[in-house]
$ cat coords03.txt   # compact mmCIF, C-alpha atoms
# COMPACT_ATOMS: atom_id res chain seq x y z
CA MET C 17 46.94 -14.13 -21.15
CA ALA C 18 43.56 -12.44 -20.93
CA HIS C 19 40.47 -14.63 -20.47
CA ARG C 20 36.84 -14.14 -21.31
CA PRO C 21 34.94 -13.14 -18.13
CA PHE C 22 32.92 -15.88 -16.46
CA SER C 23 34.85 -18.58 -18.32
CA ARG C 24 36.51 -21.53 -16.55
CA GLU C 25 39.97 -20.03 -17.16
CA TRP C 26 38.89 -16.61 -15.92
CA ALA C 27 37.42 -18.13 -12.75
CA GLU C 28 40.69 -19.95 -12.08
CA ALA C 29 42.66 -16.72 -12.59
CA PHE C 30 40.23 -14.93 -10.27
CA LYS C 31 40.85 -17.57 -7.60
CA ASP C 32 44.61 -17.12 -7.98
CA ALA C 33 44.22 -13.33 -7.72
CA ILE C 34 42.22 -13.69 -4.51
CA GLU C 35 44.75 -16.09 -3.06
CA ALA C 36 47.58 -13.70 -3.89
CA ASP C 37 45.89 -10.61 -2.46
CA ALA C 38 47.09 -9.65 1.03
CA SER C 39 44.46 -6.91 1.32
CA TYR C 40 41.67 -9.42 0.80
CA ARG C 41 43.23 -11.82 3.27
CA ASP C 42 43.30 -9.08 5.92
CA ALA C 43 39.79 -7.79 5.18
CA ALA C 44 38.11 -11.19 5.09
CA THR C 45 39.34 -12.90 8.23
CA LYS C 46 35.74 -13.36 9.39
CA TRP C 47 34.11 -14.21 6.05
CA ILE C 48 33.37 -17.95 5.97
CA TRP C 49 30.66 -18.39 3.32
CA PRO C 50 30.77 -19.36 -0.36
CA VAL C 51 29.69 -16.61 -2.75
CA ALA C 52 28.32 -16.85 -6.28
CA LEU C 53 28.62 -14.01 -8.77
CA VAL C 54 25.94 -14.45 -11.42
CA LEU C 55 26.09 -12.90 -14.87
CA GLN C 56 22.66 -12.49 -16.39
CA ALA C 57 22.11 -13.97 -19.84
CA THR C 58 23.71 -11.73 -22.48
CA PRO C 59 23.21 -13.45 -25.85
CA GLU C 60 24.82 -10.63 -27.82
CA PHE C 61 28.17 -11.48 -26.19
CA GLY C 62 27.72 -15.25 -26.25
CA TYR C 63 26.19 -15.79 -22.81
CA THR C 64 22.98 -17.47 -23.89
CA ASP C 65 22.09 -18.39 -20.29
CA ALA C 66 22.93 -16.91 -16.92
CA VAL C 67 26.26 -18.16 -15.66
CA ALA C 68 27.84 -18.10 -12.21
CA VAL C 69 31.31 -18.09 -10.71
CA GLU C 70 30.97 -19.83 -7.37
CA LEU C 71 33.81 -19.05 -4.97
CA THR C 72 34.59 -21.23 -1.98
CA LEU C 73 35.78 -18.57 0.45
CA ASP C 74 36.94 -19.11 4.00
CA ARG C 75 38.67 -16.58 6.28
CA GLY C 76 40.63 -14.74 3.62
CA ARG C 77 41.28 -17.77 1.45
CA CYS C 78 39.66 -18.93 -1.79
CA HIS C 79 39.79 -22.70 -1.99
CA ALA C 80 37.96 -23.08 -5.31
CA ALA C 81 36.29 -21.15 -8.12
CA ALA C 82 33.82 -23.07 -10.24
CA ILE C 83 31.70 -22.10 -13.23
CA ARG C 84 28.11 -23.22 -12.80
CA ALA C 85 24.72 -22.77 -14.37
CA ARG C 86 22.57 -20.39 -12.32
CA ASP C 87 20.27 -23.21 -11.17
CA ALA C 88 23.23 -25.26 -9.90
CA VAL C 89 24.45 -22.55 -7.50
CA THR C 90 24.38 -23.59 -3.84
CA ALA C 91 26.25 -20.64 -2.24
CA PRO C 92 24.29 -18.84 0.50
CA PHE C 93 25.24 -15.47 -1.00
CA VAL C 94 24.38 -14.82 -4.62
CA LEU C 95 25.13 -11.50 -6.33
CA THR C 96 23.48 -11.06 -9.72
CA ALA C 97 24.03 -8.30 -12.26
CA PRO C 98 23.96 -7.64 -16.01
CA TYR C 99 27.09 -7.69 -18.14
CA ALA C 100 27.68 -3.93 -18.11
CA VAL C 101 27.61 -3.81 -14.32
CA TRP C 102 30.03 -6.72 -13.82
CA LYS C 103 32.33 -5.20 -16.42
CA ALA C 104 32.32 -1.91 -14.51
CA VAL C 105 33.00 -3.77 -11.25
CA VAL C 106 35.91 -5.71 -12.79
CA LYS C 107 37.34 -2.48 -14.18
CA GLY C 108 36.99 -0.79 -10.81
CA GLU C 109 34.50 1.76 -12.11
CA ILE C 110 31.73 0.74 -9.71
CA ASP C 111 32.18 -0.02 -6.04
CA PRO C 112 30.30 -3.32 -5.61
CA LEU C 113 28.63 -2.10 -2.43
CA VAL C 114 27.42 1.01 -4.17
CA GLY C 115 26.13 -1.34 -6.88
CA VAL C 116 24.20 -3.27 -4.24
CA THR C 117 22.87 -0.18 -2.50
CA ARG C 118 21.74 1.40 -5.78
CA GLY C 119 20.02 -1.81 -6.87
CA LYS C 120 22.39 -2.51 -9.78
CA ILE C 121 23.52 -5.75 -8.16
CA ALA C 122 20.80 -7.98 -6.73
CA VAL C 123 21.60 -9.87 -3.55
CA GLN C 124 20.23 -13.19 -2.43
CA GLY C 125 21.22 -14.13 1.09
CA SER C 126 21.55 -12.18 4.31
CA LEU C 127 21.99 -8.53 3.43
CA ALA C 128 22.69 -7.80 7.09
CA THR C 129 25.60 -10.26 7.10
CA LEU C 130 26.92 -9.04 3.76
CA MET C 131 26.86 -5.42 4.91
CA MET C 132 28.51 -6.33 8.19
CA HIS C 133 31.41 -7.61 6.06
CA ALA C 134 31.32 -4.77 3.56
CA LYS C 135 35.10 -4.32 3.51
CA SER C 136 35.55 -7.99 2.75
CA ALA C 137 33.11 -7.82 -0.18
CA ALA C 138 34.82 -4.73 -1.58
CA ALA C 139 38.25 -6.35 -1.26
CA LEU C 140 36.99 -9.48 -3.04
CA CYS C 141 35.76 -7.52 -6.04
CA ALA C 142 38.98 -5.50 -6.08
CA CYS C 143 40.83 -8.77 -6.72
CA ALA C 144 38.98 -9.06 -10.05
CA ARG C 145 40.82 -5.95 -11.23
CA ASN C 146 44.03 -7.97 -11.13
CA VAL C 147 42.66 -10.59 -13.53
CA ALA C 148 43.61 -10.09 -17.17
CA THR C 149 40.17 -9.96 -18.79
CA ALA C 150 39.22 -10.01 -22.48
CA PHE C 151 35.83 -8.33 -22.61
CA PRO C 152 33.81 -9.67 -25.57
CA ASP C 153 32.26 -6.28 -26.33
CA GLU C 154 35.76 -4.91 -26.90
CA ASP C 155 36.75 -7.54 -29.50
CA MET L 4 13.34 5.09 45.13
CA PRO L 5 16.88 6.51 45.47
CA MET L 6 19.44 6.28 42.70
CA THR L 7 22.04 3.60 43.35
CA ALA L 8 25.77 4.33 43.30
CA ARG L 9 26.04 2.11 40.23
CA GLU L 10 23.38 4.11 38.40
CA LEU L 11 25.05 7.39 39.30
CA ASP L 12 28.28 6.06 37.82
CA SER L 13 26.72 4.61 34.67
CA ALA L 14 27.13 5.59 31.02
CA TYR L 15 23.38 6.37 30.94
CA TYR L 16 23.73 8.88 33.76
CA ALA L 17 26.78 10.42 32.04
CA LEU L 18 24.70 10.84 28.87
CA TRP L 19 21.89 12.45 30.90
CA ARG L 20 24.37 14.94 32.41
CA LYS L 21 25.70 15.72 28.94
CA ALA L 22 22.15 16.29 27.67
CA LYS L 23 21.54 18.87 30.39
CA GLN L 24 24.81 20.67 29.62
CA LEU L 25 24.18 20.84 25.86
CA SER L 26 20.60 22.02 25.80
CA TRP L 27 19.58 24.43 23.03
CA ASP L 28 16.45 26.14 21.76
CA PRO L 29 15.29 25.94 18.12
CA ALA L 30 13.84 29.44 18.51
CA ASP L 31 17.34 30.87 19.06
CA ILE L 32 18.63 29.87 15.61
CA ASP L 33 18.88 32.81 13.22
CA LEU L 34 17.03 31.97 9.99
CA SER L 35 17.14 35.42 8.37
CA ALA L 36 19.89 34.57 5.86
CA ASP L 37 18.21 31.28 4.96
CA LYS L 38 15.07 32.96 3.71
CA ALA L 39 16.90 35.10 1.16
CA GLN L 40 19.16 32.23 0.08
CA TRP L 41 16.25 29.85 -0.35
CA ALA L 42 14.67 32.13 -2.93
CA ARG L 43 17.97 32.19 -4.86
CA ILE L 44 18.47 28.41 -4.69
CA LYS L 45 14.97 27.89 -6.09
CA ALA L 46 15.58 30.36 -8.91
CA ASP L 47 19.20 29.60 -9.83
CA TYR L 48 19.33 25.79 -10.05
CA PRO L 49 16.34 24.47 -11.99
CA GLU L 50 18.43 21.90 -13.89
CA GLU L 51 20.22 20.60 -10.78
CA ARG L 52 16.92 20.48 -8.87
CA TYR L 53 18.72 21.45 -5.67
CA ALA L 54 15.62 23.06 -4.15
CA GLU L 55 13.65 19.86 -4.71
CA GLN L 56 16.43 17.79 -3.12
CA ILE L 57 16.61 20.08 -0.08
CA LEU L 58 12.83 19.94 0.32
CA LYS L 59 12.81 16.16 0.05
CA LEU L 60 15.64 15.82 2.57
CA THR L 61 14.07 18.15 5.10
CA SER L 62 10.65 16.55 4.57
CA LEU L 63 12.05 13.16 5.56
CA PHE L 64 13.67 14.76 8.61
CA TYR L 65 10.36 16.47 9.46
CA GLN L 66 8.45 13.21 9.17
CA GLY L 67 11.15 11.22 10.94
CA GLU L 68 11.40 13.61 13.89
CA GLU L 69 7.63 13.68 14.25
CA SER L 70 7.57 9.89 14.23
CA VAL L 71 10.34 9.42 16.82
CA THR L 72 8.73 12.03 19.07
CA LYS L 73 5.45 10.12 19.00
CA THR L 74 6.98 6.67 19.50
CA LEU L 75 9.51 7.18 22.29
CA ALA L 76 7.04 7.19 25.20
CA PRO L 77 6.55 3.38 25.12
CA LEU L 78 10.32 2.94 25.59
CA CYS L 79 10.26 5.25 28.65
CA SER L 80 7.29 3.34 30.01
CA ALA L 81 8.93 -0.05 29.43
CA VAL L 82 12.06 1.03 31.33
CA ALA L 83 9.90 2.13 34.28
CA ARG L 84 7.62 -0.94 34.22
CA GLY L 85 10.51 -3.35 33.78
CA GLY L 86 12.62 -1.63 36.45
CA TYR L 87 15.59 -1.34 34.07
CA GLY L 88 17.10 1.59 36.00
CA LEU L 89 16.45 5.19 36.96
CA ASP L 90 19.55 6.23 35.04
CA LYS L 91 17.92 5.00 31.82
CA GLU L 92 14.64 6.68 32.75
CA LEU L 93 16.37 10.00 33.31
CA PHE L 94 18.17 9.83 29.99
CA LEU L 95 15.02 8.94 28.07
CA THR L 96 13.20 11.95 29.51
CA SER L 97 15.94 14.14 28.02
CA GLN L 98 15.65 12.30 24.73
CA LEU L 99 11.89 12.79 24.60
CA TYR L 100 12.38 16.52 25.13
CA GLU L 101 15.08 16.62 22.46
CA GLU L 102 13.05 14.73 19.85
CA ALA L 103 10.22 17.21 20.37
CA LYS L 104 12.70 20.07 19.92
CA HIS L 105 13.99 18.58 16.68
CA PHE L 106 10.46 18.36 15.33
CA ASP L 107 9.83 21.91 16.54
CA PHE L 108 12.91 23.08 14.60
CA PHE L 109 11.57 21.65 11.34
CA VAL L 110 8.07 23.03 11.95
CA ARG L 111 9.63 26.46 12.38
CA TYR L 112 11.87 26.04 9.33
CA PHE L 113 9.03 24.98 7.04
CA THR L 114 6.88 27.86 8.27
CA GLU L 115 9.46 30.64 8.23
CA VAL L 116 11.86 29.69 5.42
CA PHE L 117 10.06 27.37 3.00
CA GLU L 118 6.74 29.05 3.79
CA ILE L 119 4.86 25.84 3.23
CA ASP L 120 2.65 23.76 5.46
CA GLY L 121 4.23 20.70 7.09
CA SER L 122 1.47 18.52 5.68
CA GLU L 123 3.19 18.82 2.29
CA THR L 124 6.03 16.68 3.62
CA HIS L 125 3.76 13.61 3.23
CA GLY L 126 4.26 13.87 -0.52
CA TYR L 127 7.89 12.79 -0.15
CA MET L 128 7.13 9.68 1.91
CA THR L 129 7.61 6.89 -0.60
CA PRO L 130 7.12 3.30 0.66
CA ALA L 131 10.67 2.71 1.98
CA PRO L 132 10.94 5.76 4.29
CA GLN L 133 7.29 5.41 5.25
CA SER L 134 7.93 1.85 6.37
CA VAL L 135 11.19 2.31 8.24
CA LEU L 136 10.58 5.77 9.73
CA VAL L 137 6.89 5.51 10.54
CA ALA L 138 4.90 2.30 10.09
CA ASP L 139 7.36 -0.30 11.37
CA LEU L 140 8.54 1.95 14.19
CA GLU L 141 4.93 2.47 15.27
CA GLU L 142 4.33 -1.28 15.12
CA VAL L 143 7.20 -2.26 17.40
CA THR L 144 6.68 0.58 19.90
CA GLU L 145 2.93 -0.06 20.04
CA ARG L 146 3.65 -3.74 20.68
CA LEU L 147 6.04 -2.68 23.44
CA ARG L 148 3.36 -0.46 24.97
CA ARG L 149 0.89 -3.37 25.11
CA THR L 150 3.35 -5.98 26.44
CA GLU L 151 2.87 -6.85 30.10
CA ASP L 152 4.74 -10.13 30.60
CA PRO L 153 8.17 -9.16 32.04
CA ILE L 154 10.11 -11.64 29.90
CA ALA L 155 8.38 -10.56 26.69
CA LEU L 156 8.73 -6.92 27.73
CA LYS L 157 12.52 -7.10 27.84
CA ALA L 158 12.74 -8.93 24.50
CA THR L 159 10.42 -6.40 22.86
CA PHE L 160 12.41 -3.56 24.44
CA ALA L 161 15.53 -4.94 22.69
CA GLU L 162 13.63 -4.97 19.39
CA ALA L 163 12.42 -1.41 19.89
CA ILE L 164 15.91 -0.17 20.83
CA THR L 165 17.31 -1.80 17.69
CA HIS L 166 14.75 -0.27 15.38
CA TYR L 167 14.60 3.15 17.05
CA MET L 168 18.25 3.81 17.91
CA GLY L 169 20.03 1.32 15.65
CA VAL L 170 18.12 1.73 12.40
CA VAL L 171 16.27 5.05 12.48
CA GLU L 172 18.67 7.18 14.51
CA ALA L 173 22.07 5.65 13.71
CA MET L 174 21.65 4.58 10.09
CA LEU L 175 19.20 7.19 8.84
CA ALA L 176 19.00 10.29 11.03
CA ARG L 177 22.61 10.67 12.04
CA THR L 178 23.81 9.68 8.58
CA GLY L 179 21.36 12.07 6.96
CA TYR L 180 22.33 14.98 9.18
CA VAL L 181 26.04 14.44 8.51
CA GLY L 182 25.47 14.24 4.74
CA ALA L 183 23.07 17.17 4.62
CA HIS L 184 25.24 19.39 6.80
CA ASP L 185 28.32 18.65 4.68
CA ALA L 186 26.40 19.31 1.44
CA LEU L 187 25.15 22.69 2.64
CA ALA L 188 28.41 23.69 4.34
CA SER L 189 30.48 22.99 1.22
CA ARG L 190 28.22 25.38 -0.75
CA GLY L 191 27.85 27.96 2.04
CA TRP L 192 24.06 27.56 1.88
CA LEU L 193 21.34 27.95 4.50
CA PRO L 194 23.41 28.64 7.62
CA GLY L 195 20.40 28.34 9.93
CA LEU L 196 19.56 24.92 8.60
CA GLN L 197 23.22 23.93 8.92
CA GLU L 198 23.21 25.02 12.55
CA GLY L 199 20.02 23.05 13.22
CA PHE L 200 21.54 19.96 11.60
CA ARG L 201 24.70 20.35 13.69
CA LEU L 202 22.84 20.58 16.97
CA ILE L 203 20.41 17.78 16.14
CA LYS L 204 23.28 15.52 15.04
CA ARG L 205 24.99 16.16 18.36
CA ASP L 206 21.85 15.12 20.24
CA GLU L 207 21.41 12.05 18.05
CA GLY L 208 24.94 10.98 18.93
CA ARG L 209 23.88 10.65 22.56
CA HIS L 210 20.69 8.82 21.62
CA VAL L 211 22.62 6.32 19.52
CA ALA L 212 25.18 5.88 22.31
CA PHE L 213 22.32 5.13 24.72
CA GLY L 214 20.92 2.54 22.31
CA MET L 215 24.30 0.89 21.83
CA HIS L 216 24.92 0.65 25.56
CA CYS L 217 21.44 -0.81 26.04
CA ILE L 218 21.74 -3.36 23.25
CA ALA L 219 25.20 -4.41 24.45
CA GLU L 220 23.82 -4.94 27.95
CA LEU L 221 20.66 -6.72 26.77
CA THR L 222 22.41 -9.09 24.37
CA ALA L 223 25.16 -9.87 26.88
CA GLU L 224 22.48 -10.88 29.38
CA HIS L 225 20.28 -12.60 26.76
CA PRO L 226 22.40 -13.80 23.81
CA GLU L 227 19.22 -15.18 22.24
CA TYR L 228 18.16 -11.55 21.49
CA ARG L 229 20.91 -11.36 18.84
CA ALA L 230 18.72 -13.24 16.38
CA GLN L 231 15.99 -10.61 16.82
CA VAL L 232 18.48 -7.79 16.31
CA GLN L 233 19.77 -9.46 13.14
CA ALA L 234 16.22 -10.03 11.87
CA ILE L 235 15.35 -6.35 12.29
CA PHE L 236 18.39 -5.23 10.32
CA GLU L 237 17.66 -7.90 7.71
CA LYS L 238 14.19 -6.44 7.24
CA GLN L 239 15.13 -2.77 7.44
CA LEU L 240 18.44 -2.60 5.53
CA PRO L 241 16.69 -2.62 2.13
CA ASN L 242 14.42 0.20 3.35
CA VAL L 243 17.42 2.17 4.61
CA LEU L 244 19.31 1.73 1.34
CA ALA L 245 16.21 2.58 -0.70
CA THR L 246 15.75 5.73 1.39
CA VAL L 247 19.35 6.79 0.72
CA ALA L 248 18.85 5.98 -2.98
CA GLU L 249 15.98 8.52 -3.05
CA PHE L 250 18.74 11.13 -3.35
CA ASP L 251 20.37 9.57 -6.42
CA TYR L 252 19.80 12.58 -8.69
CA PRO L 253 21.76 13.37 -11.88
CA HIS L 254 23.19 16.32 -9.91
CA PRO L 255 23.11 14.96 -6.36
CA LEU L 256 23.15 17.47 -3.54
CA VAL L 257 24.62 14.95 -1.10
CA ASP L 258 27.60 12.66 -1.62
CA LEU L 259 25.76 9.34 -1.91
CA GLU L 260 28.82 7.11 -1.67
CA LYS L 261 29.93 8.87 1.48
CA LEU L 262 26.39 8.72 2.85
CA THR L 263 26.07 4.99 2.16
CA GLY L 264 29.48 4.33 3.67
CA TYR L 265 28.56 6.29 6.78
CA ALA L 266 25.25 4.44 7.17
CA LEU L 267 26.99 1.08 6.86
CA ALA L 268 29.66 2.15 9.37
CA GLN L 269 26.87 3.03 11.83
CA TYR L 270 25.34 -0.38 11.24
CA GLU L 271 28.68 -2.11 11.82
CA ARG L 272 29.08 -0.28 15.13
CA PHE L 273 25.60 -1.16 16.35
CA ALA L 274 25.98 -4.77 15.21
CA ALA L 275 29.30 -4.95 17.04
CA ALA L 276 27.67 -3.56 20.20
CA ALA L 277 25.01 -6.28 19.92
CA GLY L 278 27.72 -8.91 19.61
CA LEU L 279 26.71 -9.88 16.08
CA SER L 280 30.05 -9.45 14.36
CA GLY L 281 32.54 -10.58 16.97
CA ASP L 282 34.28 -7.20 16.65
CA ALA L 283 35.25 -5.38 19.82
CA ILE L 284 33.83 -1.90 20.34
CA ASP L 285 34.84 0.73 22.87
CA LEU L 286 31.47 1.69 24.34
CA ASP L 287 33.05 4.16 26.76
CA ALA L 288 34.19 6.25 23.80
CA LEU L 289 30.55 6.69 22.77
CA THR L 290 29.83 9.02 25.67
CA VAL L 291 32.27 11.51 24.16
CA ASP L 292 30.29 14.04 22.18
CA ASP L 293 31.23 13.94 18.52
$ encode --input "coords03.txt" --output "structure tokens"
Amino acid sequence: MAHRPFSREWAEAFKDAIEADASYRDAATKWIWPVALVLQATPEFGYTDAVAVELTLDRGRCHAAAIRARDAVTAPFVLTAPYAVWKAVVKGEIDPLVGVTRGKIAVQGSLATLMMHAKSAAALCACARNVATAFPDED
Amino acid sequence: MPMTARELDSAYYALWRKAKQLSWDPADIDLSADKAQWARIKADYPEERYAEQILKLTSLFYQGEESVTKTLAPLCSAVARGGYGLDKELFLTSQLYEEAKHFDFFVRYFTEVFEIDGSETHGYMTPAPQSVLVADLEEVTERLRRTEDPIALKATFAEAITHYMGVVEAMLARTGYVGAHDALASRGWLPGLQEGFRLIKRDEGRHVAFGMHCIAELTAEHPEYRAQVQAIFEKQLPNVLATVAEFDYPHPLVDLEKLTGYALAQYERFAAAAGLSGDAIDLDALTVDD
């Protein structure tokens, strides 16, 4: 069943996709920090406020995926983008690192650390492609 | 003071020998075909703005090579004052000569092919390249020049090596030369400029290898330097990425994804050499010319 992106159900499916992905597990053996993906407010599609999926990541595993308000995020790495950019990332149309380098995705946290683990970040976002997603602008 | 057996057997000395073997002269490069092609590129691609992109790219190289030529002397001086080794001193003399040659190549190219004054290159120096290629490099090398305390000298030397060889040469220059050479070669354009890029890239490979050997040695001896190395990359990565993004045109001349990937790969290698990532790196392989 497809879920609305950045919903509780979608976050849980994303966690399961990460856990099931051998490529991510191999690429992220040294990644030990939680990450939050923040969707900017998009009222036209029902996101009246910014919303985050906070992933508890540790050495190739994802122990939890929680939906939080932007202000409640505590992850040391926060990636923020508008709806169209996250949609393109989930569909595999934008490489997340290219999104960061072109300024489409804003990064809070150590850019040097994130870039040192570029393959891990790319593999994480690739997992989102395996999540059945019901995009509200396609309803 | 005689060279020690250890210095004669070092990676730095091997790089110095390689520099002597691979010397070249910018004046020997044939630019006759470039001049005719440049006129056609300017006339035939107004919508793609290829001429503008080539001018911007070469302007950043011009400015960058001028900057690294002016700022290398404090590193040579620090090696001598700190007694870091004659093998390193020898290599840096070859690097100083090579940086001057690279700048000389661009001076010649702007004069003979573009037929414009080098001062026009300033117009392409937006804040990000100005900061990473010129202002911040001048700041750290000037600080190195003024440092007398031996402990502070070595720490500042590690900072200067990181900025000069790790950021400017590895992430920007070498990446830029690879991307620019590929872009021109795939179109069969400007063979003289291609040849200059090829030779400069080969030299930069040795410079980067020197920096990686140095930073590996310095951080192994002083693990506390790793925080400084990380801080420099933290500060300069946005400038590097913004500089690459300068070439994000609707019809890009260079392959930006490939360029970004190459820059990040260079960063990963330098970070690994500094012991930041925990990844092993084969430093001996760096002496092989690629």
$ atom_distance --input "coords03.txt" --atom1 "atom CA of Ala38 of chain C" --atom2 "atom CA of Met131 of chain C"
21.0 Å
$ residues_around --input "coords03.txt" --residues "segment 144-151 of chain C" --least-positions-apart "3" --cutoff "12 Å" --atoms "all atoms listed in the file" --output "PyMOL selection string"
chain C and resi 17-23+25-37+40+53+61-62+69+99-100+102-112+137-141+154-155
$ write_last_selection --input "coords03.txt" --atoms "C-alpha atoms" --output "mmCIF file, in the frame of the given file"
data_model
loop_
_atom_site.group_PDB
_atom_site.id
_atom_site.type_symbol
_atom_site.label_atom_id
_atom_site.label_comp_id
_atom_site.auth_asym_id
_atom_site.auth_seq_id
_atom_site.Cartn_x
_atom_site.Cartn_y
_atom_site.Cartn_z
ATOM 1 C CA MET C 17 46.940 -14.130 -21.150
ATOM 2 C CA ALA C 18 43.560 -12.440 -20.930
ATOM 3 C CA HIS C 19 40.470 -14.630 -20.470
ATOM 4 C CA ARG C 20 36.840 -14.140 -21.310
ATOM 5 C CA PRO C 21 34.940 -13.140 -18.130
ATOM 6 C CA PHE C 22 32.920 -15.880 -16.460
ATOM 7 C CA SER C 23 34.850 -18.580 -18.320
ATOM 8 C CA GLU C 25 39.970 -20.030 -17.160
ATOM 9 C CA TRP C 26 38.890 -16.610 -15.920
ATOM 10 C CA ALA C 27 37.420 -18.130 -12.750
ATOM 11 C CA GLU C 28 40.690 -19.950 -12.080
ATOM 12 C CA ALA C 29 42.660 -16.720 -12.590
ATOM 13 C CA PHE C 30 40.230 -14.930 -10.270
ATOM 14 C CA LYS C 31 40.850 -17.570 -7.600
ATOM 15 C CA ASP C 32 44.610 -17.120 -7.980
ATOM 16 C CA ALA C 33 44.220 -13.330 -7.720
ATOM 17 C CA ILE C 34 42.220 -13.690 -4.510
ATOM 18 C CA GLU C 35 44.750 -16.090 -3.060
ATOM 19 C CA ALA C 36 47.580 -13.700 -3.890
ATOM 20 C CA ASP C 37 45.890 -10.610 -2.460
ATOM 21 C CA TYR C 40 41.670 -9.420 0.800
ATOM 22 C CA LEU C 53 28.620 -14.010 -8.770
ATOM 23 C CA PHE C 61 28.170 -11.480 -26.190
ATOM 24 C CA GLY C 62 27.720 -15.250 -26.250
ATOM 25 C CA VAL C 69 31.310 -18.090 -10.710
ATOM 26 C CA TYR C 99 27.090 -7.690 -18.140
ATOM 27 C CA ALA C 100 27.680 -3.930 -18.110
ATOM 28 C CA TRP C 102 30.030 -6.720 -13.820
ATOM 29 C CA LYS C 103 32.330 -5.200 -16.420
ATOM 30 C CA ALA C 104 32.320 -1.910 -14.510
ATOM 31 C CA VAL C 105 33.000 -3.770 -11.250
ATOM 32 C CA VAL C 106 35.910 -5.710 -12.790
ATOM 33 C CA LYS C 107 37.340 -2.480 -14.180
ATOM 34 C CA GLY C 108 36.990 -0.790 -10.810
ATOM 35 C CA GLU C 109 34.500 1.760 -12.110
ATOM 36 C CA ILE C 110 31.730 0.740 -9.710
ATOM 37 C CA ASP C 111 32.180 -0.020 -6.040
ATOM 38 C CA PRO C 112 30.300 -3.320 -5.610
ATOM 39 C CA ALA C 137 33.110 -7.820 -0.180
ATOM 40 C CA ALA C 138 34.820 -4.730 -1.580
ATOM 41 C CA ALA C 139 38.250 -6.350 -1.260
ATOM 42 C CA LEU C 140 36.990 -9.480 -3.040
ATOM 43 C CA CYS C 141 35.760 -7.520 -6.040
ATOM 44 C CA GLU C 154 35.760 -4.910 -26.900
ATOM 45 C CA ASP C 155 36.750 -7.540 -29.500
#
$ interface_residues --input "coords03.txt" --of "chain L" --to "chain C" --cutoff "12 Å" --atoms "only C-alpha atoms" --output "ChimeraX atom specification"
/L:170,230,232-252,258-275,278-282
$ atom_distance --input "coords03.txt" --atom1 "atom CA of Asp120 of chain L" --atom2 "atom CA of Leu202 of chain L"
23.5 Å
$ residues_around --input "coords03.txt" --residues "segment 40-50 of chain L" --least-positions-apart "5" --cutoff "12 Å" --atoms "all atoms listed in the file" --output "PyMOL selection string"
chain L and resi 34-35+55-58+112-113+115-118+187+190-196+252-256
$ atom_distance --input "coords03.txt" --atom1 "atom CA of Tyr180 of chain L" --atom2 "atom CA of Leu136 of chain L"
14.9 Å
$ closest_residue --input "coords03.txt" --among "L:Val71, L:Ala103, L:Cys79, L:Val257" --to "Gly182 of chain L" --atoms "only C-alpha atoms"
L:Val257
$ axis_aligned_box --input "coords03.txt" --around "segment 53-58 of chain C" --padding-each-side "4 Å" --output "lines of an AutoDock Vina configuration file"
center_x = 25.4
center_y = -13.1
center_z = -15.6
size_x = 14.5
size_y = 10.7
size_z = 21.7
$ residues_near_point --input "coords03.txt" --point "(5.5, -0.3, 11.1)" --cutoff "12 Å" --atoms "all atoms listed in the file" --output "count of residues only"
26
$ residues_around --input "coords03.txt" --residues "Leu156 of chain L" --least-positions-apart "3" --cutoff "8 Å" --atoms "all atoms listed in the file" --output "number ranges by chain"
L: 81, 85, 147, 150-153, 159-160
$ residues_around --input "coords03.txt" --residues "Gln98 of chain L" --least-positions-apart "6" --cutoff "10 Å" --atoms "all atoms listed in the file" --output "ChimeraX atom specification"
/L:19,22,71-72,75,79,92,104,206-207,209-210,213
$ residues_around --input "coords03.txt" --residues "Ala276 of chain L" --least-positions-apart "4" --cutoff "9 Å" --atoms "all atoms listed in the file" --output "CSV table (one decimal) with C-alpha atoms, in the frame of the given file"
chain,number,residue,atom,x,y,z
L,215,MET,CA,24.3,0.9,21.8
L,216,HIS,CA,24.9,0.6,25.6
L,217,CYS,CA,21.4,-0.8,26.0
L,218,ILE,CA,21.7,-3.4,23.2
L,219,ALA,CA,25.2,-4.4,24.4
L,220,GLU,CA,23.8,-4.9,28.0
L,222,THR,CA,22.4,-9.1,24.4
L,271,GLU,CA,28.7,-2.1,11.8
L,272,ARG,CA,29.1,-0.3,15.1
L,280,SER,CA,30.0,-9.4,14.4
L,282,ASP,CA,34.3,-7.2,16.6
L,283,ALA,CA,35.2,-5.4,19.8
L,284,ILE,CA,33.8,-1.9,20.3
L,285,ASP,CA,34.8,0.7,22.9
L,286,LEU,CA,31.5,1.7,24.3
$ closest_residue --input "coords03.txt" --among "L:Ala155, L:Leu18, L:Ala223, L:Ala183" --to "Gly199 of chain L" --atoms "all atoms listed in the file"
L:Ala183
